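File shown: start.cif. Contents: mmCIF, C-alpha atoms.
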data_final
loop_
_atom_site.label_atom_id
_atom_site.label_comp_id
_atom_site.auth_asym_id
_atom_site.auth_seq_id
_atom_site.Cartn_x
_atom_site.Cartn_y
_atom_site.Cartn_z
CA GLN G 1 81.21 111.62 105.29
CA LEU G 2 82.11 108.15 104.07
CA GLN G 3 85.84 107.57 104.22
CA LEU G 4 88.32 104.73 103.85
CA VAL G 5 91.93 104.78 105.03
CA GLU G 6 94.43 102.09 104.07
CA SER G 7 97.59 101.19 105.95
CA GLY G 8 100.06 98.36 106.33
CA GLY G 9 101.99 98.66 103.10
CA GLY G 10 105.77 98.60 102.92
CA LEU G 11 108.83 96.93 101.51
CA VAL G 12 108.99 93.14 101.78
CA GLN G 13 111.18 90.45 100.26
CA PRO G 14 109.78 87.90 97.81
CA GLY G 15 108.07 85.13 99.72
CA GLY G 16 107.24 87.46 102.59
CA SER G 17 103.92 88.59 104.03
CA LEU G 18 102.03 91.78 104.76
CA ARG G 19 98.63 92.59 106.19
CA LEU G 20 96.83 95.61 104.83
CA SER G 21 94.11 97.35 106.80
CA CYS G 22 91.20 99.41 105.53
CA VAL G 23 89.53 101.44 108.27
CA ALA G 24 86.09 102.83 107.51
CA SER G 25 84.47 105.94 108.94
CA GLY G 26 81.04 107.38 108.35
CA PHE G 27 79.55 103.93 107.77
CA THR G 28 79.84 100.39 109.11
CA VAL G 29 81.65 97.63 107.24
CA ASP G 30 79.34 94.90 108.50
CA TYR G 31 76.68 95.84 105.95
CA SER G 32 78.96 97.05 103.22
CA ALA G 33 80.73 95.40 100.33
CA ILE G 34 84.42 96.21 100.34
CA GLY G 35 86.89 95.61 97.55
CA TRP G 36 90.66 95.66 97.37
CA PHE G 37 92.29 96.85 94.18
CA ARG G 38 95.84 97.53 93.09
CA GLN G 39 97.57 99.62 90.49
CA ALA G 40 101.12 99.04 89.32
CA PRO G 41 103.07 101.74 87.45
CA GLY G 42 101.89 102.02 83.87
CA LYS G 43 99.03 99.59 84.39
CA GLU G 44 95.32 99.89 84.96
CA ARG G 45 93.80 99.46 88.39
CA GLU G 46 92.75 95.84 88.85
CA GLY G 47 90.57 94.02 91.34
CA VAL G 48 92.30 91.83 93.90
CA SER G 49 89.64 90.69 96.34
CA CYS G 50 86.27 91.65 97.76
CA ILE G 51 83.81 90.75 100.47
CA ASP G 52 80.07 91.22 100.17
CA SER G 53 77.78 92.91 102.67
CA SER G 54 76.97 89.67 104.49
CA GLY G 55 80.62 88.73 104.81
CA SER G 56 79.83 85.31 103.36
CA THR G 57 80.72 85.88 99.73
CA LEU G 58 84.39 86.39 98.99
CA ASN G 59 86.06 86.80 95.65
CA TYR G 60 89.69 86.71 94.56
CA ALA G 61 91.53 87.45 91.37
CA ASP G 62 93.19 84.37 89.89
CA ALA G 63 96.61 85.94 90.39
CA VAL G 64 96.21 85.99 94.18
CA LYS G 65 94.07 82.93 94.92
CA GLY G 66 95.62 80.77 97.58
CA ARG G 67 97.97 83.55 98.69
CA PHE G 68 95.71 86.44 99.76
CA THR G 69 92.88 86.37 102.28
CA ILE G 70 90.26 89.04 102.85
CA SER G 71 88.53 89.38 106.20
CA ARG G 72 86.74 91.95 108.30
CA ASP G 73 86.49 92.89 111.95
CA ASN G 74 83.14 94.52 112.60
CA ALA G 75 84.15 95.68 116.08
CA LYS G 76 87.08 97.60 114.60
CA ASN G 77 85.15 98.65 111.50
CA THR G 78 88.07 97.37 109.47
CA VAL G 79 88.64 95.10 106.48
CA TYR G 80 91.96 93.32 106.10
CA LEU G 81 93.92 91.85 103.23
CA GLU G 82 96.40 89.24 104.37
CA MET G 83 99.04 88.74 101.69
CA ASN G 84 101.38 85.76 101.80
CA SER G 85 104.00 84.34 99.43
CA LEU G 86 104.42 87.77 97.90
CA LYS G 87 105.94 88.10 94.45
CA SER G 88 107.57 90.98 92.66
CA GLU G 89 104.51 91.25 90.45
CA ASP G 90 102.42 92.08 93.52
CA THR G 91 104.19 95.43 93.73
CA ALA G 92 101.57 98.16 93.42
CA VAL G 93 99.57 100.78 95.26
CA TYR G 94 96.73 98.97 97.01
CA TYR G 95 93.35 100.62 97.45
CA CYS G 96 90.19 99.65 99.26
CA ALA G 97 86.82 100.78 98.01
CA THR G 98 83.13 100.55 98.75
CA LEU G 99 79.81 101.66 97.32
CA ARG G 100 76.66 103.23 98.67
CA GLY G 101 74.04 100.62 99.35
CA ARG G 102 74.44 96.92 99.97
CA MET G 103 75.46 93.98 97.87
CA PHE G 104 74.59 90.45 98.95
CA GLY G 105 75.67 87.22 97.36
CA ILE G 106 77.85 88.82 94.75
CA CYS G 107 81.15 90.56 94.92
CA PRO G 108 82.47 91.87 91.61
CA LEU G 109 86.08 92.84 91.10
CA ARG G 110 85.01 95.45 88.60
CA ARG G 111 86.49 98.83 89.36
CA THR G 112 83.45 100.75 88.17
CA THR G 113 81.21 99.03 90.74
CA TYR G 114 82.83 100.95 93.57
CA THR G 115 82.38 104.66 94.10
CA ILE G 116 84.20 105.50 97.33
CA TRP G 117 87.95 104.98 97.45
CA GLY G 118 90.77 105.30 99.91
CA GLN G 119 94.05 106.99 99.09
CA GLY G 120 96.07 103.81 98.82
CA THR G 121 99.09 102.21 100.43
CA GLN G 122 102.28 101.24 98.61
CA VAL G 123 103.40 97.62 98.59
CA THR G 124 106.86 96.89 97.20
CA VAL G 125 108.12 93.34 96.86
CA SER G 126 111.84 93.31 96.19
CA SER G 127 115.04 91.70 97.38
#

Show me the file's structure as structure tokens.
Amino acid sequence: QLQLVESGGGLVQPGGSLRLSCVASGFTVDYSAIGWFRQAPGKEREGVSCIDSSGSTLNYADAVKGRFTISRDNAKNTVYLEMNSLKSEDTAVYYCATLRGRMFGICPLRRTTYTIWGQGTQVTVSS
């Protein structure tokens, strides 16, 4: 069974940092495209960042470029989202997601592309 489990969320002050983890089971991340999404209260789920199956193509939403970094550790079967210079508007539940099959050279931040989702981890940025 393909499964994703997120962790690393919490309460942080504006300007602070957090690192989210997405641990995969039932498949290996080194040949899978993984996306990070977030959903704030009353808003639609939006794409934040993704990494393609090769690990060479990365994509970021304009709102997080220069502040967030996606990476993966094949040995730990884990994808990370390093978040720096956090703002109050980054407050949301963060989800990681993947899809069956592989995706090389492209990495869409379109929610409908991904079919397998984790349960999410809450990130709250507040003083």

Apply the PyMOL selection byres ((chain G and resi 96) around 12) to the displayed file and report the matching residues as a compact mmCIF listing (two decimals) with C-alpha atoms, in the frame of the given file.
# COMPACT_ATOMS: atom_id res chain seq x y z
CA GLN G 3 85.84 107.57 104.22
CA LEU G 4 88.32 104.73 103.85
CA VAL G 5 91.93 104.78 105.03
CA GLU G 6 94.43 102.09 104.07
CA SER G 7 97.59 101.19 105.95
CA LEU G 20 96.83 95.61 104.83
CA SER G 21 94.11 97.35 106.80
CA CYS G 22 91.20 99.41 105.53
CA VAL G 23 89.53 101.44 108.27
CA ALA G 24 86.09 102.83 107.51
CA VAL G 29 81.65 97.63 107.24
CA ALA G 33 80.73 95.40 100.33
CA ILE G 34 84.42 96.21 100.34
CA GLY G 35 86.89 95.61 97.55
CA TRP G 36 90.66 95.66 97.37
CA PHE G 37 92.29 96.85 94.18
CA ARG G 38 95.84 97.53 93.09
CA GLN G 39 97.57 99.62 90.49
CA ARG G 45 93.80 99.46 88.39
CA GLU G 46 92.75 95.84 88.85
CA GLY G 47 90.57 94.02 91.34
CA VAL G 48 92.30 91.83 93.90
CA SER G 49 89.64 90.69 96.34
CA CYS G 50 86.27 91.65 97.76
CA ILE G 51 83.81 90.75 100.47
CA ILE G 70 90.26 89.04 102.85
CA THR G 78 88.07 97.37 109.47
CA VAL G 79 88.64 95.10 106.48
CA TYR G 80 91.96 93.32 106.10
CA LEU G 81 93.92 91.85 103.23
CA VAL G 93 99.57 100.78 95.26
CA TYR G 94 96.73 98.97 97.01
CA TYR G 95 93.35 100.62 97.45
CA ALA G 97 86.82 100.78 98.01
CA THR G 98 83.13 100.55 98.75
CA LEU G 99 79.81 101.66 97.32
CA LEU G 109 86.08 92.84 91.10
CA ARG G 111 86.49 98.83 89.36
CA TYR G 114 82.83 100.95 93.57
CA THR G 115 82.38 104.66 94.10
CA ILE G 116 84.20 105.50 97.33
CA TRP G 117 87.95 104.98 97.45
CA GLY G 118 90.77 105.30 99.91
CA GLN G 119 94.05 106.99 99.09
CA GLY G 120 96.07 103.81 98.82
CA THR G 121 99.09 102.21 100.43

Find, counting only C-alpha atoms, the residue in G:Thr91, G:Thr112, G:Gln13, G:Ser25 that gets nearest to Gln1 (chain G).
->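 Checking each of G:Thr91, G:Thr112, G:Gln13, G:Ser25 against Gln1 (chain G), counting only C-alpha atoms, the winner is G:Ser25.
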
How would you write, as a list in words, the residues chosen by the PyMOL selection byres ((chain G and resi 85) around 9) on this structure?
-> Pro14, Gly15, Gly16, Ser17, Arg67, Phe68, Met83, Asn84, Leu86 and Lys87 of chain G

At what distance in Å, to one decimal, does CA of Pro108 (chain G) lie from CA of Asn59 (chain G)?
->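 So the answer is 7.4 Å.
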
Here CA of Ser88 (chain G) and CA of Lys43 (chain G) stand apart by 14.7 Å

Got a sec: who's within 10 Å of Glu89 (chain G), counting all atoms listed in the file, leaving out chain neighbours fewer than 5 positions off, as a list in words?
-> Pro14, Ala40, Ala63, Thr124, Val125 and Ser126 of chain G

Closest pair table for region 55-93 of chain G residues within 10 Å of region 101-107 of chain G, only C-alpha atoms, as a tab-separated table:
residue	atom	partner	partner_atom	distance
G:Gly55	CA	G:Phe104	CA	8.6
G:Ser56	CA	G:Gly105	CA	7.5
G:Thr57	CA	G:Gly105	CA	5.7
G:Leu58	CA	G:Cys107	CA	6.7
G:Asn59	CA	G:Cys107	CA	6.2
G:Tyr60	CA	G:Cys107	CA	9.4

Could you tell me how far CA of Ala61 (chain G) lies from CA of Lys76 (chain G), in Å and to one decimal?
-> 25.7 Å

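Among the candidates G:Pro41, G:Ser53, G:Glu82, G:Gln122, the one nearest to Leu18 (chain G) when counting only C-alpha atoms is G:Glu82.
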
Can you tell me, as AutoDock Vina command-line options, the centre and edge lengths (Å, one decimal) of the axis-aligned box enclosing all of region 31-46 of chain G's listed atoms after padding each side by 5 Å?
--center_x 89.9 --center_y 98.7 --center_z 94.9 --size_x 36.4 --size_y 16.6 --size_z 32.1
